[in-house]
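Peer 1: One structure, as structure tokens, below. Some questions next.
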Amino acid sequence: MRGVRYSSDSSTPVALRVNGKTYEVSVKPNETLLDVLREKLGLTGTKKGCDLGDCGACTVLLDGKPVNSCLVLAVDAARGEVLTVEGLAENGELHPLQEAFIKYGAIQCGYCSPGMLMSLKALLDREPHPTRDQVMNAIAGNLCRCGGYHKIADAALAASRAGNRGSDDRL
Ligand code: FES
């Protein structure tokens, strides 16, 4: 039987939209968005933990929704807009969530922080004034091996009070 044969060695050129920029890259059919972000685009803020969809360290936003980038093929991501932690700050100003993480000591080893921030950014975008339960649900797929969940939730609630891009006076 004749058919198209795909080899995992063959690369395809794709245009990836990441943090508002277009990157032309060649990707293999089985290459994950996570690996392309880190190894081809140099965006190492997104972390690789389990590489299995369990830990949430690799969370990015794809068309505004949080996804585990270790489970998304780069060729599929080329159809959407990707936002990574490097794209959170704007015009040299940290996002209120980043300010609040610093102010509330919501970072210990920091490995989970980029993924946490992206999950929480998605939450605040759809629910600007979440309850603590909503915050905890939003980060249910993000594991913190230091156990810093309460400070992370405190920071998220403070950021929500400050508004999506408001003054940090209210943090
Ligand atoms: Fe993707 Fe753990 S590295 S979920």
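Each chain in the structure tokens gets a letter, A, B and so on, in the order shown; residues start at 1 in every chain, and ligands are counted from 1 in the order they appear.
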Go through the chains and note each residue within 12 Å of ligand 1, using only C-alpha atoms and all ligand atoms, then give the set as a ChimeraX atom specification.
Peer 2: /A:32-35,38,46-60,66-72,111-112,114-116,140-144
Peer 1: May I have the residues from that selection written out with C-alpha atoms, as an mmCIF file, in the first residue's frame?
Peer 2:
```cif
data_model
loop_
_atom_site.group_PDB
_atom_site.id
_atom_site.type_symbol
_atom_site.label_atom_id
_atom_site.label_comp_id
_atom_site.auth_asym_id
_atom_site.auth_seq_id
_atom_site.Cartn_x
_atom_site.Cartn_y
_atom_site.Cartn_z
ATOM 1 C CA THR A 32 7.653 19.594 21.669
ATOM 2 C CA LEU A 33 6.936 23.259 22.077
ATOM 3 C CA LEU A 34 8.914 23.135 25.324
ATOM 4 C CA ASP A 35 12.064 21.871 23.632
ATOM 5 C CA ARG A 38 14.256 26.324 25.286
ATOM 6 C CA THR A 46 9.962 27.912 30.741
ATOM 7 C CA LYS A 47 11.206 24.971 32.794
ATOM 8 C CA LYS A 48 11.392 21.269 32.092
ATOM 9 C CA GLY A 49 10.457 19.202 35.109
ATOM 10 C CA CYS A 50 8.848 15.847 34.447
ATOM 11 C CA ASP A 51 8.488 16.160 30.638
ATOM 12 C CA LEU A 52 5.336 14.057 31.102
ATOM 13 C CA GLY A 53 2.539 16.540 31.784
ATOM 14 C CA ASP A 54 2.551 16.035 35.545
ATOM 15 C CA CYS A 55 4.380 18.967 37.140
ATOM 16 C CA GLY A 56 3.294 22.149 35.337
ATOM 17 C CA ALA A 57 6.812 23.641 35.311
ATOM 18 C CA CYS A 58 6.541 24.004 31.536
ATOM 19 C CA THR A 59 3.230 25.913 31.537
ATOM 20 C CA VAL A 60 2.838 28.580 28.857
ATOM 21 C CA PRO A 66 -2.504 27.463 30.018
ATOM 22 C CA VAL A 67 -0.960 24.340 28.476
ATOM 23 C CA ASN A 68 1.847 22.005 29.412
ATOM 24 C CA SER A 69 4.303 22.820 26.660
ATOM 25 C CA CYS A 70 5.927 19.391 27.070
ATOM 26 C CA LEU A 71 2.696 17.877 25.741
ATOM 27 C CA VAL A 72 2.196 20.249 22.797
ATOM 28 C CA TYR A 111 11.731 26.265 39.599
ATOM 29 C CA CYS A 112 7.925 26.219 39.569
ATOM 30 C CA PRO A 114 7.360 30.533 35.665
ATOM 31 C CA GLY A 115 4.670 27.880 35.346
ATOM 32 C CA MET A 116 2.795 29.196 38.376
ATOM 33 C CA ALA A 140 -3.708 22.567 40.882
ATOM 34 C CA GLY A 141 -1.573 21.332 37.989
ATOM 35 C CA ASN A 142 1.534 23.201 39.119
ATOM 36 C CA LEU A 143 3.658 21.365 41.652
ATOM 37 C CA CYS A 144 5.814 23.326 44.107
#
```
Peer 1: Among segment 67-143 of chain A, which ones does DSSP place in strand (DSSP E or B), written as a PDB file with C-alpha atoms, in the first residue's frame?
Peer 2:
```
ATOM      1  CA  VAL A  67      -0.960  24.340  28.476  1.00  0.00           C
ATOM      2  CA  ASN A  68       1.847  22.005  29.412  1.00  0.00           C
ATOM      3  CA  LEU A  73       3.910  19.586  19.493  1.00  0.00           C
ATOM      4  CA  GLU A  81      -0.053  32.750  19.903  1.00  0.00           C
ATOM      5  CA  VAL A  82       2.299  31.575  22.609  1.00  0.00           C
ATOM      6  CA  LEU A  83       3.051  33.594  25.726  1.00  0.00           C
ATOM      7  CA  GLU A  90       5.822  45.000  29.457  1.00  0.00           C
ATOM      8  CA  GLU A  93       7.709  46.824  34.052  1.00  0.00           C
TER       9      GLU A  93
END
```
Peer 1: Show which residues sit within 10 Å of Ala153 of chain A, as a PyMOL selection string. Count only C-alpha atoms, and ignore same-chain residues fewer than 6 positions away.
Peer 2: chain A and resi 101+104+106+120+131-136+138-139+159
Peer 1: Selected residues, N, CA, C and O atoms, written as a compact mmCIF listing (two decimals), in the first residue's frame, please.
Peer 2:
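Just written: selection_13.txt:
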```
# COMPACT_ATOMS: atom_id res chain seq x y z
N PHE A 101 4.79 38.29 43.62
CA PHE A 101 5.60 37.13 44.00
C PHE A 101 6.83 37.59 44.79
O PHE A 101 7.23 36.96 45.75
N TYR A 104 5.61 39.17 48.31
CA TYR A 104 5.05 38.20 49.26
C TYR A 104 5.96 36.99 49.49
O TYR A 104 5.56 36.04 50.16
N ALA A 106 6.90 34.67 47.46
CA ALA A 106 6.24 33.48 46.91
C ALA A 106 7.18 32.61 46.10
O ALA A 106 6.74 31.74 45.36
N LEU A 120 -1.48 31.50 36.70
CA LEU A 120 -2.20 32.58 37.41
C LEU A 120 -2.53 33.74 36.48
O LEU A 120 -3.57 34.39 36.64
N THR A 131 -11.48 34.07 44.00
CA THR A 131 -11.43 33.67 45.40
C THR A 131 -10.15 32.86 45.62
O THR A 131 -9.49 32.44 44.65
N ARG A 132 -9.85 32.64 46.88
CA ARG A 132 -8.67 31.82 47.18
C ARG A 132 -8.83 30.41 46.61
O ARG A 132 -7.88 29.83 46.10
N ASP A 133 -10.04 29.88 46.67
CA ASP A 133 -10.27 28.54 46.10
C ASP A 133 -10.02 28.54 44.59
O ASP A 133 -9.45 27.59 44.05
N GLN A 134 -10.44 29.59 43.92
CA GLN A 134 -10.20 29.66 42.48
C GLN A 134 -8.70 29.73 42.18
O GLN A 134 -8.23 29.15 41.19
N VAL A 135 -7.98 30.46 43.02
CA VAL A 135 -6.53 30.53 42.85
C VAL A 135 -5.92 29.14 43.01
O VAL A 135 -5.11 28.68 42.18
N MET A 136 -6.33 28.44 44.07
CA MET A 136 -5.75 27.12 44.32
C MET A 136 -6.11 26.15 43.19
O MET A 136 -5.28 25.32 42.79
N ALA A 138 -6.60 27.01 40.10
CA ALA A 138 -5.84 27.42 38.91
C ALA A 138 -4.43 26.83 38.92
O ALA A 138 -3.85 26.58 37.86
N ILE A 139 -3.87 26.62 40.11
CA ILE A 139 -2.50 26.10 40.18
C ILE A 139 -2.48 24.62 40.61
O ILE A 139 -1.42 24.10 40.99
N ALA A 159 -2.13 40.51 43.73
CA ALA A 159 -2.05 40.99 42.35
C ALA A 159 -3.44 41.27 41.80
O ALA A 159 -3.64 42.23 41.05
```
Peer 1: So how many Å separate atom CA of Ser10 of chain A and atom CA of Ala77 of chain A, to one decimal?
Peer 2: 17.9 Å
Peer 1: Might you pull out every residue within 12 Å of Lys40 of chain A, with only C-alpha atoms counted and same-chain residues fewer than 6 positions away left off, and present them as a CSV table (one decimal) with C-alpha atoms, in the first residue's frame?
Peer 2:
```
chain,number,residue,atom,x,y,z
A,16,LEU,CA,6.0,30.3,15.7
A,23,TYR,CA,10.2,33.0,14.8
A,24,GLU,CA,11.0,31.0,11.7
A,25,VAL,CA,12.3,27.6,12.8
A,26,SER,CA,12.7,24.1,11.5
A,27,VAL,CA,11.1,21.5,13.8
A,28,LYS,CA,10.8,17.8,13.7
A,31,GLU,CA,9.5,18.0,18.8
A,32,THR,CA,7.7,19.6,21.7
A,33,LEU,CA,6.9,23.3,22.1
A,34,LEU,CA,8.9,23.1,25.3
A,74,ALA,CA,5.7,22.6,18.1
```
Peer 1: Quick one, how far is atom CA of Glu86 of chain A from atom CA of Val36 of chain A?
Peer 2: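 Going from atom CA of Glu86 of chain A over to atom CA of Val36 of chain A covers 14.7 Å.
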Peer 1: Do a neighbour search on Gly148 of chain A at 8 Å with only C-alpha atoms, toss out local chain neighbours closer than 3 positions, and write the hits as a ChimeraX atom specification.
Peer 2: /A:106-108,144-145,151-152
Peer 1: Write out as a CSV table (one decimal) with N, CA, C and O atoms, in the first residue's frame all residues of segment 18-74 of chain A that backbone DSSP assigns to alpha helix (DSSP H).
Peer 2:
```csv
chain,number,residue,atom,x,y,z
A,33,LEU,N,6.8,21.8,21.9
A,33,LEU,CA,6.9,23.3,22.1
A,33,LEU,C,8.0,23.6,23.1
A,33,LEU,O,8.8,24.5,23.0
A,34,LEU,N,8.0,22.9,24.2
A,34,LEU,CA,8.9,23.1,25.3
A,34,LEU,C,10.3,23.1,24.8
A,34,LEU,O,11.2,24.0,25.1
A,35,ASP,N,10.7,22.0,24.1
A,35,ASP,CA,12.1,21.9,23.6
A,35,ASP,C,12.4,23.0,22.6
A,35,ASP,O,13.5,23.5,22.6
A,74,ALA,N,5.4,21.3,18.6
A,74,ALA,CA,5.7,22.6,18.1
A,74,ALA,C,4.9,22.9,16.8
A,74,ALA,O,4.5,24.0,16.6
```
